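What follows is structure_1.txt (compact mmCIF, C-alpha atoms).
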# COMPACT_ATOMS: atom_id res chain seq x y z
CA MET A 1 -21.19 49.11 12.85
CA LEU A 2 -22.08 46.57 10.17
CA SER A 3 -24.63 47.59 7.59
CA SER A 4 -27.27 45.10 6.36
CA LEU A 5 -25.30 44.86 3.10
CA ASP A 6 -22.17 43.81 5.05
CA VAL A 7 -24.13 41.16 6.93
CA THR A 8 -25.69 39.84 3.72
CA LEU A 9 -22.31 39.75 2.01
CA THR A 10 -20.69 37.95 4.96
CA TRP A 11 -23.45 35.31 5.01
CA TRP A 12 -23.14 34.89 1.27
CA LEU A 13 -19.39 34.35 1.64
CA VAL A 14 -19.91 31.86 4.47
CA LYS A 15 -22.43 29.91 2.40
CA ALA A 16 -20.15 29.97 -0.65
CA PHE A 17 -17.24 28.73 1.47
CA LEU A 18 -19.33 25.88 2.89
CA VAL A 19 -20.45 24.73 -0.56
CA VAL A 20 -16.93 24.93 -2.02
CA PHE A 21 -15.49 23.17 1.05
CA SER A 22 -17.97 20.29 0.83
CA LEU A 23 -17.51 20.04 -2.94
CA MET A 24 -13.74 19.74 -2.48
CA TYR A 25 -14.37 17.15 0.22
CA VAL A 26 -16.43 15.07 -2.22
CA LEU A 27 -13.74 15.32 -4.93
CA TYR A 28 -11.03 14.40 -2.41
CA SER A 29 -13.08 11.39 -1.22
CA ILE A 30 -13.57 10.17 -4.80
CA VAL A 31 -9.83 10.36 -5.54
CA LEU A 32 -8.97 8.72 -2.22
CA LEU A 33 -11.43 5.88 -2.83
CA GLY A 34 -9.87 5.26 -6.26
CA GLN A 35 -6.40 5.10 -4.73
CA VAL A 36 -7.49 2.83 -1.89
CA ARG A 37 -9.26 0.44 -4.27
CA SER A 38 -6.15 0.33 -6.45
CA LEU A 39 -3.88 -0.31 -3.47
CA SER A 40 -6.20 -2.96 -2.05
CA ARG A 41 -5.92 -4.79 -5.38
CA THR A 42 -2.11 -4.50 -5.29
CA VAL A 43 -1.81 -5.90 -1.78
CA LEU A 44 -4.58 -8.25 -0.72
CA THR A 45 -4.86 -8.25 3.07
CA GLU A 46 -7.55 -9.47 5.47
CA THR A 47 -8.40 -5.90 6.50
CA GLY A 48 -8.30 -4.42 2.99
CA ALA A 49 -12.09 -4.75 2.53
CA PHE A 50 -12.66 -2.89 5.80
CA VAL A 51 -10.39 -0.03 4.67
CA VAL A 52 -12.26 0.23 1.34
CA ALA A 53 -15.60 0.17 3.22
CA VAL A 54 -14.59 3.02 5.55
CA THR A 55 -13.29 5.08 2.62
CA THR A 56 -16.62 4.49 0.82
CA ALA A 57 -18.46 5.60 3.97
CA GLN A 58 -16.34 8.76 3.92
CA LEU A 59 -17.49 9.44 0.35
CA VAL A 60 -21.14 8.91 1.35
CA PHE A 61 -20.68 11.28 4.30
CA ALA A 62 -19.07 13.84 1.98
CA VAL A 63 -21.99 13.65 -0.48
CA ILE A 64 -24.53 14.06 2.37
CA THR A 65 -22.52 17.04 3.67
CA LEU A 66 -22.53 18.60 0.20
CA LEU A 67 -26.31 18.11 -0.13
CA ILE A 68 -26.92 19.74 3.26
CA MET A 69 -24.64 22.65 2.41
CA VAL A 70 -26.32 23.18 -0.98
CA LEU A 71 -29.82 23.00 0.55
CA TYR A 72 -28.77 25.45 3.25
CA SER A 73 -27.28 27.86 0.69
CA VAL A 74 -30.15 28.10 -1.78
CA MET B 1 23.13 -10.81 11.95
CA THR B 2 22.34 -14.52 12.20
CA ALA B 3 20.01 -15.98 9.63
CA LEU B 4 16.89 -17.83 10.72
CA ASP B 5 15.71 -21.16 9.44
CA LEU B 6 12.71 -20.16 7.32
CA SER B 7 11.00 -23.49 7.89
CA THR B 8 10.82 -22.77 11.62
CA LEU B 9 8.98 -19.47 11.23
CA ILE B 10 5.62 -19.36 13.01
CA PRO B 11 2.80 -17.08 11.82
CA ARG B 12 2.75 -14.08 14.12
CA ASN B 13 1.05 -10.73 14.09
CA LYS B 14 2.30 -8.08 16.46
CA ALA B 15 2.32 -4.30 16.88
CA LEU B 16 -1.22 -3.89 15.49
CA GLY B 17 -0.29 -5.49 12.17
CA ALA B 18 2.97 -3.56 11.79
CA PHE B 19 5.02 -6.75 11.97
CA CYS B 20 3.45 -9.91 10.55
CA ILE B 21 5.38 -13.11 10.01
CA LEU B 22 3.84 -15.45 7.40
CA PRO B 23 0.80 -13.17 7.01
CA ASN B 24 -2.40 -14.04 5.19
CA THR B 25 -1.53 -11.46 2.54
CA ARG B 26 -1.10 -11.69 -1.20
CA TYR B 27 0.75 -9.40 -3.58
CA SER B 28 -0.69 -8.76 -7.05
CA GLN B 29 2.49 -9.94 -8.83
CA GLN B 30 3.09 -12.86 -6.51
CA GLU B 31 4.28 -15.98 -8.27
CA ALA B 32 2.88 -19.46 -7.69
CA ASP B 33 5.93 -20.73 -5.79
CA GLU B 34 6.42 -17.47 -3.90
CA LYS B 35 5.58 -17.21 -0.21
CA ILE B 36 5.29 -13.96 1.73
CA LEU B 37 7.49 -14.20 4.81
CA LEU B 38 6.96 -10.81 6.35
CA THR B 39 4.90 -7.65 6.01
CA LEU B 40 6.06 -4.46 7.71
CA ARG B 41 4.62 -1.09 8.58
CA ALA B 42 5.93 1.71 10.77
CA SER B 43 5.74 0.97 14.48
CA PRO B 44 2.44 2.14 16.07
CA TYR B 45 4.52 4.16 18.57
CA THR B 46 5.50 6.48 15.71
CA GLN B 47 1.82 7.19 14.98
CA VAL B 48 0.90 8.52 18.41
CA ILE B 49 1.05 12.20 17.40
CA TRP B 50 -1.79 12.17 14.85
CA VAL B 51 -3.93 9.95 17.09
CA VAL B 52 -3.52 12.40 19.99
CA ASN B 53 -4.17 15.36 17.65
CA SER B 54 -7.38 13.73 16.39
CA VAL B 55 -8.64 13.02 19.92
CA LEU B 56 -7.82 16.59 21.01
CA ALA B 57 -9.54 18.06 17.95
CA PHE B 58 -12.62 15.91 18.57
CA THR B 59 -12.71 17.05 22.21
CA LEU B 60 -12.45 20.68 21.10
CA LEU B 61 -15.23 20.18 18.54
CA THR B 62 -17.47 18.64 21.22
CA ALA B 63 -16.80 21.63 23.50
CA LEU B 64 -17.54 24.03 20.62
CA VAL B 65 -20.82 22.26 19.79
CA VAL B 66 -21.90 22.36 23.46
CA TYR B 67 -21.04 26.07 23.57
CA LEU B 68 -22.92 26.85 20.33
CA THR B 69 -25.94 24.82 21.48
CA SER B 70 -26.37 27.27 24.37
CA PHE B 71 -27.25 29.98 21.79
CA GLY B 72 -30.13 27.85 20.47
CA ASN B 73 -29.20 28.16 16.77
CA THR B 74 -29.50 24.56 15.53
CA LEU B 75 -28.42 25.36 11.98
CA VAL B 76 -25.07 26.81 13.07
CA VAL B 77 -24.52 23.80 15.36
CA VAL B 78 -25.24 21.31 12.56
CA LEU B 79 -23.02 23.13 10.05
CA SER B 80 -20.15 23.46 12.56
CA LEU B 81 -20.49 19.79 13.42
CA LEU B 82 -20.42 18.74 9.75
CA VAL B 83 -17.39 20.89 8.89
CA GLY B 84 -15.55 19.87 12.10
CA LEU B 85 -16.24 16.16 11.65
CA SER B 86 -15.19 16.33 7.99
CA LEU B 87 -11.87 17.93 8.88
CA ILE B 88 -11.09 15.64 11.82
CA PHE B 89 -12.11 12.44 10.05
CA THR B 90 -10.18 13.41 6.92
CA TYR B 91 -7.06 14.16 8.96
CA ALA B 92 -7.27 10.93 10.98
CA TRP B 93 -8.18 8.64 8.06
CA TYR B 94 -5.55 10.19 5.77
CA ASN B 95 -2.84 9.54 8.37
CA PHE B 96 -4.14 6.03 8.97
CA LEU B 97 -4.05 5.24 5.23
CA ILE B 98 -0.52 6.59 4.93
CA TRP B 99 0.51 4.28 7.77
CA TYR B 100 -1.50 1.32 6.45
CA TYR B 101 -0.28 1.49 2.84
CA ASN B 102 3.36 2.33 3.57
CA LEU B 103 4.10 -1.32 3.42
CA GLY B 104 7.19 -3.47 3.20
CA ILE B 105 6.94 -7.04 1.93
CA VAL B 106 9.61 -9.68 2.21
CA SER B 107 8.89 -12.87 0.30
CA THR B 108 10.94 -15.88 -0.65
CA LEU B 109 11.67 -14.28 -4.05
CA ARG B 110 11.54 -10.49 -3.66
CA ILE B 111 11.51 -7.49 -1.38
CA VAL B 112 8.88 -4.84 -2.07
CA ASP B 113 8.66 -1.37 -0.57
CA ILE B 114 5.38 0.50 -1.17
CA ASP B 115 5.66 4.17 -0.23
CA TYR B 116 2.29 5.90 -0.15
CA TYR B 117 2.53 9.67 0.23
CA GLY B 118 -1.17 10.49 0.05
CA ILE B 119 -3.49 11.10 -2.86
CA SER B 120 -0.84 12.55 -5.14
CA LYS B 121 2.11 10.18 -4.94
CA ARG B 122 2.85 6.48 -4.62
CA VAL B 123 6.18 4.78 -5.21
CA THR B 124 6.69 1.02 -5.36
CA THR B 125 10.25 -0.29 -5.26
CA GLU B 126 10.94 -3.94 -5.78
CA THR B 127 14.03 -6.08 -5.93
CA ARG B 128 14.75 -9.76 -6.21
CA VAL B 129 16.16 -11.39 -3.10
CA ASN B 130 19.10 -12.74 -5.13
CA LYS B 131 20.03 -9.14 -6.07
CA VAL B 132 20.37 -8.08 -2.42
CA ALA B 133 23.94 -7.37 -1.40
CA ASP B 134 23.42 -6.37 2.20
CA ALA B 135 20.73 -5.69 4.78
CA THR B 136 21.39 -3.44 7.76
CA ALA B 137 19.32 -2.59 10.83
CA LYS B 138 19.67 0.76 12.57
CA THR B 139 17.98 1.61 15.84
CA SER B 140 18.48 5.12 17.10
CA GLY B 141 16.89 7.62 19.42
CA PHE B 142 15.38 7.25 22.87
CA PHE B 143 11.98 5.97 21.73
CA GLY B 144 13.55 3.64 19.17
CA GLN B 145 15.61 2.00 21.89
CA VAL B 146 12.76 1.83 24.38
CA PHE B 147 10.09 0.51 22.00
CA ASN B 148 12.49 -1.47 19.80
CA TYR B 149 11.85 0.01 16.40
CA GLY B 150 14.26 1.28 13.77
CA ASP B 151 15.22 1.43 10.11
CA VAL B 152 16.19 -1.41 7.81
CA PHE B 153 18.33 -0.64 4.76
CA VAL B 154 18.50 -3.15 1.94
CA VAL B 155 21.38 -2.53 -0.46
CA THR B 156 21.11 -4.10 -3.89
CA ASP B 157 23.69 -4.99 -6.49
CA GLY B 158 24.02 -2.89 -9.60
CA PRO B 159 21.77 -0.06 -10.70
CA GLU B 160 18.67 -1.21 -8.85
CA ARG B 161 17.27 1.13 -6.23
CA ASN B 162 18.03 0.46 -2.59
CA ILE B 163 15.10 -0.24 -0.28
CA GLU B 164 14.42 1.33 3.10
CA PHE B 165 11.90 0.25 5.71
CA LEU B 166 11.65 3.12 8.19
CA ASN B 167 10.64 2.87 11.86
CA VAL B 168 9.69 -0.79 11.66
CA PRO B 169 9.36 -2.98 14.78
CA ASP B 170 12.15 -5.46 15.56
CA PRO B 171 14.59 -4.37 12.82
CA ASP B 172 17.09 -7.06 13.86
CA ILE B 173 14.57 -9.83 13.21
CA VAL B 174 13.70 -8.24 9.85
CA VAL B 175 17.36 -8.35 8.81
CA SER B 176 17.61 -11.98 9.99
CA ILE B 177 14.61 -12.94 7.86
CA ILE B 178 16.03 -11.09 4.81
CA ASN B 179 19.36 -12.87 5.32
CA SER B 180 17.54 -16.19 5.54
CA ALA B 181 15.64 -15.45 2.33
CA MET B 182 18.95 -14.57 0.64
CA GLY B 183 20.47 -17.83 1.89
CA ALA B 184 17.50 -19.85 0.68
CA SER B 185 17.70 -18.11 -2.70
CA LEU B 186 21.39 -19.03 -3.01
CA ALA B 187 20.64 -22.63 -2.02
CA ARG B 188 17.96 -22.82 -4.75
CA LYS B 189 20.50 -21.51 -7.25
CA LYS B 190 23.15 -24.08 -6.26
CA PRO B 191 21.21 -27.21 -5.27
CA ASN B 192 24.38 -29.34 -5.14
CA ALA B 193 26.36 -26.92 -2.96
Could you take the file, read its structure, and then write that structure out as structure tokens?
Amino acid sequence: MLSSLDVTLTWWLVKAFLVVFSLMYVLYSIVLLGQVRSLSRTVLTETGAFVVAVTTAQLVFAVITLLIMVLYSV
Amino acid sequence: MTALDLSTLIPRNKALGAFCILPNTRYSQQEADEKILLTLRASPYTQVIWVVNSVLAFTLLTALVVYLTSFGNTLVVVLSLLVGLSLIFTYAWYNFLIWYYNLGIVSTLRIVDIDYYGISKRVTTETRVNKVADATAKTSGFFGQVFNYGDVFVVTDGPERNIEFLNVPDPDIVVSIINSAMGASLARKKPNA
């Protein structure tokens, strides 16, 4: 039988995990965008701009996810 | 392997951009008189596993969201969806980028092999065409034979690093084009020969 303290602690851990997960996702997206921009300057292809655009969209999605997780956790 | 006449090459893009002859691509260190003959990526047939994994994961996520919706807790559904989509998209896009930026370039002057191993490692190997001693194509395995993809090994003279293009479409044609570039390079060196 879970006590109310156990439930509170579990929810706190879940919330902390979600915030850390989304924060890592934002950091990963920033590093990836830097790499992709560097590579797209090294090799200029017709589809390079599209690849950079999708990677930027991933960063935007990661930031929105982080904001939602932070708002949910506080 | 017979060499091709480079002047007869026709721009061609096949295998979803994995094999492009005379592509509309430029390399950052490309010289004014240098022309890119070929760009290479791994055959799309070698990328099936992560595509299937992504589709399966997305299907599972959809099923999970439908199941969680039945409990009526919107917050849990939204959070599960966000985490699931983040993981699946990251996995799929990461694998796509590794495929897209693992690029081989054959130009009239040089051969470049860009190996992209993800966010932590990238290796670019480059050699001049006139330093190439030998180019070999190797097709092996059931799928390699059926879908006509294989490895191309470019051996260089001296201490320079050898170059490998792995799982590229039409490895025989790649070797022919490299041989032609080598021949053209020799002809430029000895115009009276």
- [ ] Would you kindly report the residues of chain B within 7 Å of chain A, using all atoms listed in the file, as a list in words?
- [x]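 Written out as asked, the residues are Asn24, Thr25, Arg26, Tyr27, Ser28, Leu82 and Ile119 of chain B.
Take atom CA of Leu13 of chain A and atom CA of Val74 of chain A: the distance between them is 12.9 Å.
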Open item on the list: Residues within 9 Å of (10.7, -5.0, -4.7), file coordinates, counting only C-alpha atoms: what are they? Give the list as JSON, numbers by chain.
Closed with: {"B": [104, 105, 106, 110, 111, 112, 113, 114, 124, 125, 126, 127, 128, 129, 163]}
Give me the residues of segment 104-145 of chain B that have any atom at most 8 Å from an atom of segment 173-191 of chain B; for each, the nearest atom pair and the distance in Å, rounded to one decimal. Use only C-alpha atoms, sort by chain and number, and format it as a Markdown table.
| residue | atom | partner | partner_atom | distance |
| --- | --- | --- | --- | --- |
| B:Val106 | CA | B:Ile178 | CA | 7.1 |
| B:Ser107 | CA | B:Ala181 | CA | 7.5 |
| B:Thr108 | CA | B:Ala181 | CA | 5.6 |
| B:Leu109 | CA | B:Ser185 | CA | 7.3 |
| B:Val129 | CA | B:Met182 | CA | 5.6 |
| B:Asn130 | CA | B:Met182 | CA | 6.1 |
| B:Val132 | CA | B:Met182 | CA | 7.3 |
| B:Ala135 | CA | B:Val175 | CA | 5.9 |
| B:Thr136 | CA | B:Val175 | CA | 6.4 |
| B:Ala137 | CA | B:Val175 | CA | 6.4 |
- [ ] Kindly give the distance, in Å, that separates atom CA of Ser120 of chain B and atom CA of Pro44 of chain B, rounded to a single decimal.
- [x]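 About the pair atom CA of Ser120 of chain B and atom CA of Pro44 of chain B: they are 23.9 Å apart.
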- [ ] Please measure the separation of atom CA of Ala57 of chain B and atom CA of Ile88 of chain B, giving the value in Å to one decimal.
- [x] 6.8 Å
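Here the question is which of A:Val63, A:Val52, A:Ala57, A:Leu71 gets nearest to Ala16 of chain A using all atoms listed in the file, and that residue is A:Leu71.
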Open item on the list: Just want the 12 Å neighbourhood of Phe143 of chain B, counted on all atoms listed in the file, with same-chain residues fewer than 2 positions away dropped. Output as a list of chain:residue names.
Closed with: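 Non-adjacent residues within range: B:Ser43, B:Pro44, B:Tyr45, B:Thr46, B:Val48, B:Thr139, B:Ser140, B:Gly141, B:Gln145, B:Val146, B:Phe147, B:Asn148, B:Tyr149, B:Gly150, B:Asn167, B:Pro169.
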Please produce a file of the residues just selected, as a PDB file, in the frame of the given file, where the atoms kept are C-alpha atoms.
ATOM      1  CA  SER B  43       5.740   0.970  14.480  1.00  0.00           C
ATOM      2  CA  PRO B  44       2.440   2.140  16.070  1.00  0.00           C
ATOM      3  CA  TYR B  45       4.520   4.160  18.570  1.00  0.00           C
ATOM      4  CA  THR B  46       5.500   6.480  15.710  1.00  0.00           C
ATOM      5  CA  VAL B  48       0.900   8.520  18.410  1.00  0.00           C
ATOM      6  CA  THR B 139      17.980   1.610  15.840  1.00  0.00           C
ATOM      7  CA  SER B 140      18.480   5.120  17.100  1.00  0.00           C
ATOM      8  CA  GLY B 141      16.890   7.620  19.420  1.00  0.00           C
ATOM      9  CA  GLN B 145      15.610   2.000  21.890  1.00  0.00           C
ATOM     10  CA  VAL B 146      12.760   1.830  24.380  1.00  0.00           C
ATOM     11  CA  PHE B 147      10.090   0.510  22.000  1.00  0.00           C
ATOM     12  CA  ASN B 148      12.490  -1.470  19.800  1.00  0.00           C
ATOM     13  CA  TYR B 149      11.850   0.010  16.400  1.00  0.00           C
ATOM     14  CA  GLY B 150      14.260   1.280  13.770  1.00  0.00           C
ATOM     15  CA  ASN B 167      10.640   2.870  11.860  1.00  0.00           C
ATOM     16  CA  PRO B 169       9.360  -2.980  14.780  1.00  0.00           C
TER      17      PRO B 169
END
Task: Within 12 Å of segment 73-76 of chain B using only C-alpha atoms, minus same-chain residues under 4 positions, as a list in words - done: Trp11, Val14, Lys15, Leu18, Ile68, Met69, Leu71, Tyr72 and Ser73 of chain A; Leu64, Val65, Val66, Tyr67, Leu68, Thr69, Ser80, Leu81, Leu82, Val83 and Gly84 of chain B
